[in-house]
file data_27.txt (compact mmCIF, C-alpha atoms)
# COMPACT_ATOMS: atom_id res chain seq x y z
CA MET A 1 9.61 0.40 3.17
CA ARG A 2 10.74 -2.92 4.64
CA VAL A 3 12.65 -5.56 2.64
CA HIS A 4 13.73 -8.94 4.02
CA VAL A 5 16.89 -10.47 2.55
CA VAL A 6 17.96 -14.13 2.66
CA SER A 7 20.83 -16.11 1.21
CA ASP A 8 22.03 -19.71 1.36
CA VAL A 9 18.58 -21.17 1.90
CA HIS A 10 19.83 -24.72 1.20
CA GLY A 11 16.50 -26.50 1.34
CA ALA A 12 14.90 -24.63 4.26
CA SER A 13 11.52 -24.33 2.54
CA GLU A 14 9.39 -24.12 5.70
CA ALA A 15 11.41 -21.19 7.06
CA LEU A 16 11.46 -19.58 3.61
CA ALA A 17 7.66 -19.56 3.58
CA ARG A 18 7.76 -17.33 6.69
CA ALA A 19 10.70 -15.16 5.60
CA GLY A 20 8.54 -12.48 4.01
CA GLU A 21 6.20 -11.95 6.96
CA GLY A 22 5.91 -8.24 7.74
CA ALA A 23 7.92 -7.19 4.68
CA ASP A 24 6.99 -5.32 1.52
CA ALA A 25 9.29 -7.58 -0.51
CA LEU A 26 11.71 -10.50 -0.16
CA VAL A 27 15.15 -10.56 -1.77
CA CYS A 28 16.87 -13.93 -2.14
CA LEU A 29 20.59 -14.09 -2.95
CA GLY A 30 20.68 -17.72 -4.01
CA ASP A 31 21.86 -21.18 -3.08
CA LEU A 32 18.42 -22.72 -2.81
CA VAL A 33 19.67 -26.26 -3.39
CA LEU A 34 20.94 -28.44 -0.56
CA PHE A 35 23.46 -30.93 -1.90
CA LEU A 36 25.35 -31.57 1.34
CA ASP A 37 24.85 -29.84 4.68
CA TYR A 38 28.26 -29.30 6.29
CA GLY A 39 26.59 -28.78 9.66
CA ASP A 40 24.31 -31.85 9.51
CA HIS A 41 25.73 -34.50 7.20
CA SER A 42 22.43 -36.39 7.12
CA ARG A 43 20.73 -33.65 5.06
CA GLY A 44 20.93 -33.15 1.33
CA ILE A 45 21.06 -34.91 -2.01
CA PHE A 46 24.46 -36.50 -1.36
CA PRO A 47 23.60 -38.36 1.89
CA ASP A 48 20.18 -39.31 0.49
CA LEU A 49 21.99 -41.14 -2.29
CA PHE A 50 25.14 -42.39 -0.57
CA GLY A 51 24.54 -42.36 3.18
CA VAL A 52 25.87 -40.35 6.11
CA GLU A 53 29.19 -42.21 6.38
CA ASN A 54 30.18 -41.20 2.86
CA ALA A 55 28.93 -37.67 3.54
CA ASP A 56 31.19 -37.52 6.61
CA ARG A 57 34.15 -38.59 4.50
CA MET A 58 33.40 -36.09 1.73
CA VAL A 59 33.13 -33.18 4.17
CA GLU A 60 36.39 -34.24 5.85
CA LEU A 61 38.25 -34.28 2.53
CA ARG A 62 36.85 -30.99 1.26
CA THR A 63 37.41 -29.20 4.56
CA ALA A 64 41.05 -30.37 4.47
CA ARG A 65 41.24 -29.08 0.86
CA ARG A 66 42.12 -32.58 -0.32
CA PHE A 67 40.15 -32.00 -3.49
CA ASP A 68 41.80 -34.71 -5.60
CA GLU A 69 40.82 -37.35 -3.01
CA ALA A 70 37.33 -35.88 -2.78
CA ARG A 71 36.93 -36.14 -6.55
CA GLU A 72 38.18 -39.74 -6.47
CA LEU A 73 35.62 -40.63 -3.79
CA ASP A 74 32.99 -38.88 -5.89
CA ARG A 75 33.93 -40.93 -8.96
CA GLU A 76 33.78 -44.20 -7.01
CA LEU A 77 30.35 -43.46 -5.57
CA TRP A 78 28.84 -42.41 -8.89
CA LYS A 79 30.30 -45.31 -10.88
CA GLY A 80 27.54 -47.06 -12.81
CA LEU A 81 24.92 -44.43 -11.90
CA ASP A 82 23.31 -41.81 -14.13
CA ARG A 83 24.58 -38.78 -12.25
CA GLY A 84 22.82 -36.14 -14.29
CA THR A 85 19.41 -37.76 -14.13
CA LEU A 86 19.54 -38.49 -10.39
CA ILE A 87 20.76 -35.00 -9.43
CA GLU A 88 18.29 -33.21 -11.68
CA ALA A 89 15.38 -35.21 -10.24
CA ALA A 90 16.47 -34.37 -6.69
CA VAL A 91 17.01 -30.68 -7.52
CA ARG A 92 13.59 -30.51 -9.17
CA ARG A 93 11.95 -31.85 -6.02
CA GLN A 94 13.69 -29.18 -3.94
CA TYR A 95 12.90 -26.39 -6.39
CA ALA A 96 9.22 -27.32 -6.47
CA GLU A 97 9.01 -26.83 -2.69
CA LEU A 98 11.24 -23.76 -2.50
CA PHE A 99 9.72 -21.71 -5.29
CA ALA A 100 6.24 -22.48 -3.95
CA ALA A 101 7.39 -21.00 -0.62
CA PHE A 102 8.46 -17.62 -2.04
CA PRO A 103 6.10 -14.79 -1.06
CA THR A 104 4.94 -12.11 -3.49
CA PRO A 105 6.89 -10.10 -4.44
CA THR A 106 10.25 -11.88 -4.40
CA TYR A 107 13.37 -10.76 -6.24
CA ALA A 108 15.90 -13.58 -6.57
CA THR A 109 19.30 -14.30 -8.06
CA TYR A 110 21.29 -17.51 -8.36
CA GLY A 111 23.88 -18.94 -6.00
CA ASN A 112 26.86 -21.00 -7.06
CA VAL A 113 25.11 -24.30 -6.26
CA ASP A 114 21.96 -23.42 -8.19
CA ILE A 115 21.02 -24.57 -11.70
CA PRO A 116 19.81 -21.49 -13.57
CA GLY A 117 18.36 -23.48 -16.46
CA LEU A 118 15.67 -24.90 -14.19
CA TRP A 119 14.55 -21.70 -12.46
CA GLY A 120 12.25 -20.59 -15.27
CA GLN A 121 10.24 -23.79 -14.88
CA TYR A 122 9.51 -23.18 -11.19
CA ALA A 123 9.44 -19.40 -10.69
CA GLN A 124 5.82 -18.42 -10.15
CA PRO A 125 4.10 -15.09 -10.84
CA GLY A 126 5.35 -12.68 -8.22
CA THR A 127 8.93 -13.99 -8.33
CA THR A 128 11.35 -11.99 -10.46
CA VAL A 129 14.66 -13.67 -11.33
CA LEU A 130 17.56 -11.29 -12.03
CA ASP A 131 21.21 -11.81 -12.97
CA GLY A 132 23.15 -8.88 -14.34
CA ALA A 133 19.95 -6.83 -14.12
CA THR A 134 18.24 -4.27 -11.90
CA ALA A 135 14.83 -3.86 -10.26
CA ARG A 136 13.25 -0.93 -8.47
CA ILE A 137 11.89 -1.78 -5.03
CA GLY A 138 10.10 1.19 -3.57
CA ASP A 139 12.22 4.20 -4.46
CA ARG A 140 15.55 2.35 -4.48
CA LEU A 141 17.32 0.66 -7.37
CA PHE A 142 18.62 -2.84 -6.62
CA GLY A 143 21.22 -4.52 -8.84
CA PHE A 144 21.70 -8.30 -8.93
CA ALA A 145 24.73 -10.40 -9.92
CA GLY A 146 24.27 -14.13 -9.35
CA GLY A 147 26.47 -17.20 -9.22
CA GLY A 148 30.08 -17.64 -8.17
CA LEU A 149 33.59 -17.65 -9.61
CA ARG A 150 35.62 -20.69 -10.67
CA THR A 151 36.91 -22.83 -7.77
CA PRO A 152 38.29 -26.35 -7.22
CA MET A 153 34.83 -27.23 -5.81
CA ARG A 154 33.37 -27.05 -9.35
CA THR A 155 29.87 -26.15 -8.19
CA PRO A 156 27.12 -25.89 -10.83
CA TYR A 157 26.99 -22.13 -11.43
CA GLU A 158 30.55 -20.86 -11.50
CA VAL A 159 31.56 -18.42 -14.24
CA ASP A 160 34.81 -16.95 -15.52
CA ASP A 161 36.03 -13.74 -13.91
CA ALA A 162 35.49 -11.76 -17.12
CA ASP A 163 31.90 -12.96 -17.50
CA TYR A 164 31.13 -12.13 -13.89
CA ALA A 165 32.72 -8.68 -14.23
CA ALA A 166 30.54 -8.01 -17.29
CA LYS A 167 27.40 -8.78 -15.25
CA VAL A 168 28.49 -6.39 -12.51
CA ALA A 169 29.36 -3.66 -15.03
CA ALA A 170 25.93 -4.00 -16.65
CA LEU A 171 24.27 -2.90 -13.40
CA GLY A 172 25.74 0.60 -13.44
CA ARG A 173 25.04 2.81 -10.46
CA VAL A 174 22.56 1.30 -7.98
CA ASP A 175 21.41 2.01 -4.44
CA VAL A 176 21.73 -1.61 -3.29
CA LEU A 177 24.20 -4.03 -4.89
CA CYS A 178 23.04 -7.63 -4.41
CA SER A 179 25.23 -10.65 -5.10
CA HIS A 180 25.64 -14.19 -3.90
CA ILE A 181 29.40 -13.96 -3.32
CA PRO A 182 31.12 -11.17 -1.37
CA PRO A 183 33.47 -8.54 -2.72
CA ALA A 184 37.13 -9.57 -2.54
CA VAL A 185 37.76 -8.36 1.00
CA PRO A 186 39.70 -11.04 2.95
CA GLU A 187 37.83 -10.72 6.24
CA LEU A 188 34.48 -11.03 4.42
CA CYS A 189 35.66 -14.11 2.49
CA TYR A 190 37.19 -16.19 5.29
CA ASP A 191 34.97 -18.95 6.71
CA THR A 192 35.97 -19.60 10.32
CA THR A 193 34.42 -23.08 10.46
CA ALA A 194 35.65 -24.38 7.11
CA ARG A 195 38.98 -22.60 7.84
CA ARG A 196 39.40 -21.37 4.29
CA PHE A 197 38.94 -18.34 2.11
CA GLU A 198 35.99 -18.47 -0.26
CA ARG A 199 36.37 -16.63 -3.55
CA GLY A 200 35.24 -13.04 -3.49
CA SER A 201 34.88 -10.81 -6.52
CA GLU A 202 37.34 -8.09 -7.48
CA ALA A 203 34.70 -6.78 -9.90
CA LEU A 204 32.26 -6.27 -7.04
CA LEU A 205 34.94 -4.52 -5.00
CA ASP A 206 35.81 -2.25 -7.92
CA ALA A 207 32.13 -1.42 -8.48
CA ILE A 208 31.65 -0.58 -4.80
CA ARG A 209 34.65 1.74 -4.82
CA ALA A 210 33.61 3.41 -8.06
CA THR A 211 29.85 3.80 -7.57
CA GLN A 212 29.46 3.75 -3.76
CA PRO A 213 26.02 2.12 -3.40
CA LYS A 214 24.41 2.59 -0.01
CA TYR A 215 24.54 -1.16 0.63
CA ALA A 216 26.32 -4.20 -0.82
CA LEU A 217 24.48 -7.34 0.30
CA PHE A 218 25.69 -10.92 -0.17
CA GLY A 219 25.92 -14.37 1.42
CA HIS A 220 27.93 -17.47 0.39
CA VAL A 221 30.36 -17.44 3.35
CA HIS A 222 28.41 -19.26 6.04
CA GLN A 223 30.55 -18.39 9.07
CA PRO A 224 32.48 -15.26 8.05
CA LEU A 225 35.27 -13.78 10.11
CA VAL A 226 33.53 -10.42 9.71
CA ARG A 227 29.87 -10.04 8.77
CA ARG A 228 30.00 -6.39 7.80
CA THR A 229 32.45 -3.68 6.92
CA ARG A 230 32.40 -0.28 5.28
CA ILE A 231 34.06 0.70 2.02
CA GLY A 232 33.72 4.44 1.65
CA ARG A 233 30.02 5.18 2.15
CA THR A 234 29.00 1.59 1.29
CA GLU A 235 27.91 -0.75 4.07
CA CYS A 236 28.96 -4.29 3.03
CA ILE A 237 26.83 -6.89 4.80
CA ASN A 238 26.73 -10.68 4.83
CA VAL A 239 22.99 -11.23 5.32
CA GLY A 240 23.54 -14.59 7.00
CA HIS A 241 23.32 -18.33 6.44
CA PHE A 242 19.53 -18.65 6.28
CA ASN A 243 19.56 -22.46 6.45
CA HIS A 244 21.13 -22.08 9.90
CA THR A 245 19.57 -18.89 11.26
CA ARG A 246 16.08 -19.25 9.70
CA THR A 247 15.90 -15.46 10.10
CA PRO A 248 16.02 -12.90 7.26
CA TRP A 249 18.17 -9.78 7.40
CA VAL A 250 16.00 -6.66 7.46
CA LEU A 251 16.48 -3.49 5.40
CA GLU A 252 14.20 -0.58 6.24
CA TRP A 253 13.98 2.94 4.95
call {"tool": "encode", "arguments": {"input": "data_27.txt", "output": "structure tokens"}}
result
Amino acid sequence: MRVHVVSDVHGASEALARAGEGADALVCLGDLVLFLDYGDHSRGIFPDLFGVENADRMVELRTARRFDEARELDRELWKGLDRGTLIEAAVRRQYAELFAAFPTPTYATYGNVDIPGLWGQYAQPGTTVLDGATARIGDRLFGFAGGGLRTPMRTPYEVDDADYAAKVAALGRVDVLCSHIPPAVPELCYDTTARRFERGSEALLDAIRATQPKYALFGHVHQPLVRRTRIGRTECINVGHFNHTRTPWVLEW
């Protein structure tokens, strides 16, 4: 059995269409939407609306953790515009391309920048969307917990710690634990380019310690200090920033 795993697709629809080649199934761990590419500030919804110069400024402020100033810039740029309508239209255009690129079968969960309410309108037959639910792929049970935890970034799909923990608990004992965010292990959560810790989940860490799945797979941290570590018998693996690598991580058994 061969499963390809991707995360943090961020608009890379052409590469996504090839991500399932040679695999029995594709697993996607979320962040399909590209709002602002921190590596190429000309890509994404934000620069399409406000230009590269404003994108440069926004990245500078967020990277420096000057979130109040970033929010003020955001307010100035959006003044007089229908934010919700413009963003939804742009996200819908991206989702139309991305969901059409998914191979069959695909098992997908949400990232923190995704909009779950729209997924049902674009997921085609052959794509199974899971959040707080399990799916059997071959002879292994995969559990999925999507989204992220609350942060000053205020991305679209952030949930309270208790709600996230409930999703993880609902999975029970699985062979492969799939999430968008990492467990709360500092070296897995630190982004060496952004020079900050992203939020990891204590609930995921507790579940790994208690149930010892064979693998815990995740993304979210684009340039992690450490891409993999072991907790007991569980191999914890950041499957990579697909928008940058254009290469899926491969699980074979």
call {"tool": "residues_around", "arguments": {"input": "data_27.txt", "residues": "region 84-97 of chain A", "least_positions_apart": "2", "cutoff": "7 Å", "atoms": "only C-alpha atoms", "output": "PDB file with C-alpha atoms, keeping the file's coordinate frame"}}
result
ATOM      1  CA  GLY A  11      16.500 -26.500   1.340  1.00  0.00           C
ATOM      2  CA  SER A  13      11.520 -24.330   2.540  1.00  0.00           C
ATOM      3  CA  VAL A  33      19.670 -26.260  -3.390  1.00  0.00           C
ATOM      4  CA  ILE A  45      21.060 -34.910  -2.010  1.00  0.00           C
ATOM      5  CA  ASP A  82      23.310 -41.810 -14.130  1.00  0.00           C
ATOM      6  CA  PHE A  99       9.720 -21.710  -5.290  1.00  0.00           C
ATOM      7  CA  ALA A 100       6.240 -22.480  -3.950  1.00  0.00           C
ATOM      8  CA  ALA A 101       7.390 -21.000  -0.620  1.00  0.00           C
ATOM      9  CA  TYR A 122       9.510 -23.180 -11.190  1.00  0.00           C
TER      10      TYR A 122
END
call {"tool": "residues_around", "arguments": {"input": "data_27.txt", "residues": "Asp114 (chain A)", "least_positions_apart": "5", "cutoff": "10 Å", "atoms": "all atoms listed in the file", "output": "PyMOL selection string"}}
result
chain A and resi 10+30-35+91+95+109+119+146-148+155-158
call {"tool": "residues_around", "arguments": {"input": "data_27.txt", "residues": "Ala210 (chain A)", "least_positions_apart": "6", "cutoff": "10 Å", "atoms": "only C-alpha atoms", "output": "PDB file with C-alpha atoms, keeping the file's coordinate frame"}}
result
ATOM      1  CA  GLY A 172      25.740   0.600 -13.440  1.00  0.00           C
ATOM      2  CA  ARG A 173      25.040   2.810 -10.460  1.00  0.00           C
ATOM      3  CA  LEU A 204      32.260  -6.270  -7.040  1.00  0.00           C
ATOM      4  CA  GLY A 232      33.720   4.440   1.650  1.00  0.00           C
TER       5      GLY A 232
END
call {"tool": "residues_near_point", "arguments": {"input": "data_27.txt", "point": "(33.0, -11.6, 11.9)", "cutoff": "9 Å", "atoms": "only C-alpha atoms", "output": "JSON list (two decimals) with C-alpha atoms, in the frame of the given file"}}
result
[["chain", "number", "residue", "atom", "x", "y", "z"],
["A", 187, "GLU", "CA", 37.83, -10.72, 6.24],
["A", 188, "LEU", "CA", 34.48, -11.03, 4.42],
["A", 192, "THR", "CA", 35.97, -19.60, 10.32],
["A", 223, "GLN", "CA", 30.55, -18.39, 9.07],
["A", 224, "PRO", "CA", 32.48, -15.26, 8.05],
["A", 225, "LEU", "CA", 35.27, -13.78, 10.11],
["A", 226, "VAL", "CA", 33.53, -10.42, 9.71],
["A", 227, "ARG", "CA", 29.87, -10.04, 8.77],
["A", 228, "ARG", "CA", 30.00, -6.39, 7.80]]
call {"tool": "residues_near_point", "arguments": {"input": "data_27.txt", "point": "(24.6, -10.9, -5.9)", "cutoff": "6 Å", "atoms": "all atoms listed in the file", "output": "VMD selection string"}}
result
chain A and resid 29 144 to 146 178 to 180 218
call {"tool": "build_atoms", "arguments": {"input": "data_27.txt", "residues": "region 53-72 of chain A", "atoms": "N, CA, C and O atoms", "output": "short mmCIF file (atom, residue, chain, number, x, y, z; two decimals), in the coordinates of the input"}}
result
data_model
loop_
_atom_site.label_atom_id
_atom_site.label_comp_id
_atom_site.auth_asym_id
_atom_site.auth_seq_id
_atom_site.Cartn_x
_atom_site.Cartn_y
_atom_site.Cartn_z
N GLU A 53 27.77 -41.88 6.24
CA GLU A 53 29.19 -42.21 6.38
C GLU A 53 30.00 -41.63 5.22
O GLU A 53 31.07 -41.04 5.42
N ASN A 54 29.49 -41.78 4.01
CA ASN A 54 30.18 -41.20 2.86
C ASN A 54 30.12 -39.68 2.88
O ASN A 54 31.06 -39.01 2.44
N ALA A 55 29.03 -39.13 3.40
CA ALA A 55 28.93 -37.67 3.54
C ALA A 55 29.98 -37.17 4.53
O ALA A 55 30.63 -36.14 4.29
N ASP A 56 30.15 -37.88 5.63
CA ASP A 56 31.19 -37.52 6.61
C ASP A 56 32.56 -37.48 5.95
O ASP A 56 33.35 -36.55 6.16
N ARG A 57 32.85 -38.50 5.16
CA ARG A 57 34.15 -38.59 4.50
C ARG A 57 34.34 -37.45 3.50
O ARG A 57 35.42 -36.83 3.44
N MET A 58 33.31 -37.15 2.73
CA MET A 58 33.40 -36.09 1.73
C MET A 58 33.64 -34.73 2.39
O MET A 58 34.49 -33.95 1.94
N VAL A 59 32.94 -34.45 3.47
CA VAL A 59 33.13 -33.18 4.17
C VAL A 59 34.55 -33.10 4.74
O VAL A 59 35.20 -32.06 4.67
N GLU A 60 35.03 -34.22 5.29
CA GLU A 60 36.39 -34.24 5.85
C GLU A 60 37.42 -33.91 4.78
O GLU A 60 38.33 -33.10 5.01
N LEU A 61 37.29 -34.51 3.60
CA LEU A 61 38.25 -34.28 2.53
C LEU A 61 38.18 -32.85 2.01
O LEU A 61 39.22 -32.20 1.81
N ARG A 62 36.98 -32.35 1.80
CA ARG A 62 36.85 -30.99 1.26
C ARG A 62 37.32 -29.95 2.26
O ARG A 62 37.96 -28.97 1.89
N THR A 63 37.00 -30.16 3.54
CA THR A 63 37.41 -29.20 4.56
C THR A 63 38.94 -29.15 4.66
O THR A 63 39.52 -28.09 4.90
N ALA A 64 39.58 -30.30 4.45
CA ALA A 64 41.05 -30.37 4.47
C ALA A 64 41.67 -29.93 3.14
O ALA A 64 42.89 -29.99 2.99
N ARG A 65 40.80 -29.51 2.19
CA ARG A 65 41.24 -29.08 0.86
C ARG A 65 41.97 -30.19 0.11
O ARG A 65 42.84 -29.94 -0.74
N ARG A 66 41.56 -31.41 0.39
CA ARG A 66 42.12 -32.58 -0.32
C ARG A 66 41.18 -32.89 -1.49
O ARG A 66 40.50 -33.91 -1.54
N PHE A 67 41.16 -31.96 -2.45
CA PHE A 67 40.15 -32.00 -3.49
C PHE A 67 40.34 -33.17 -4.45
O PHE A 67 39.36 -33.72 -4.97
N ASP A 68 41.57 -33.57 -4.72
CA ASP A 68 41.80 -34.71 -5.60
C ASP A 68 41.20 -35.98 -4.99
O ASP A 68 40.55 -36.78 -5.69
N GLU A 69 41.39 -36.18 -3.68
CA GLU A 69 40.82 -37.35 -3.01
C GLU A 69 39.30 -37.27 -2.97
O GLU A 69 38.60 -38.29 -3.11
N ALA A 70 38.79 -36.06 -2.78
CA ALA A 70 37.33 -35.88 -2.78
C ALA A 70 36.75 -36.23 -4.14
O ALA A 70 35.70 -36.89 -4.23
N ARG A 71 37.42 -35.81 -5.20
CA ARG A 71 36.93 -36.14 -6.55
C ARG A 71 37.02 -37.64 -6.82
O ARG A 71 36.15 -38.21 -7.49
N GLU A 72 38.06 -38.29 -6.29
CA GLU A 72 38.18 -39.74 -6.47
C GLU A 72 37.05 -40.47 -5.74
O GLU A 72 36.46 -41.41 -6.29
#
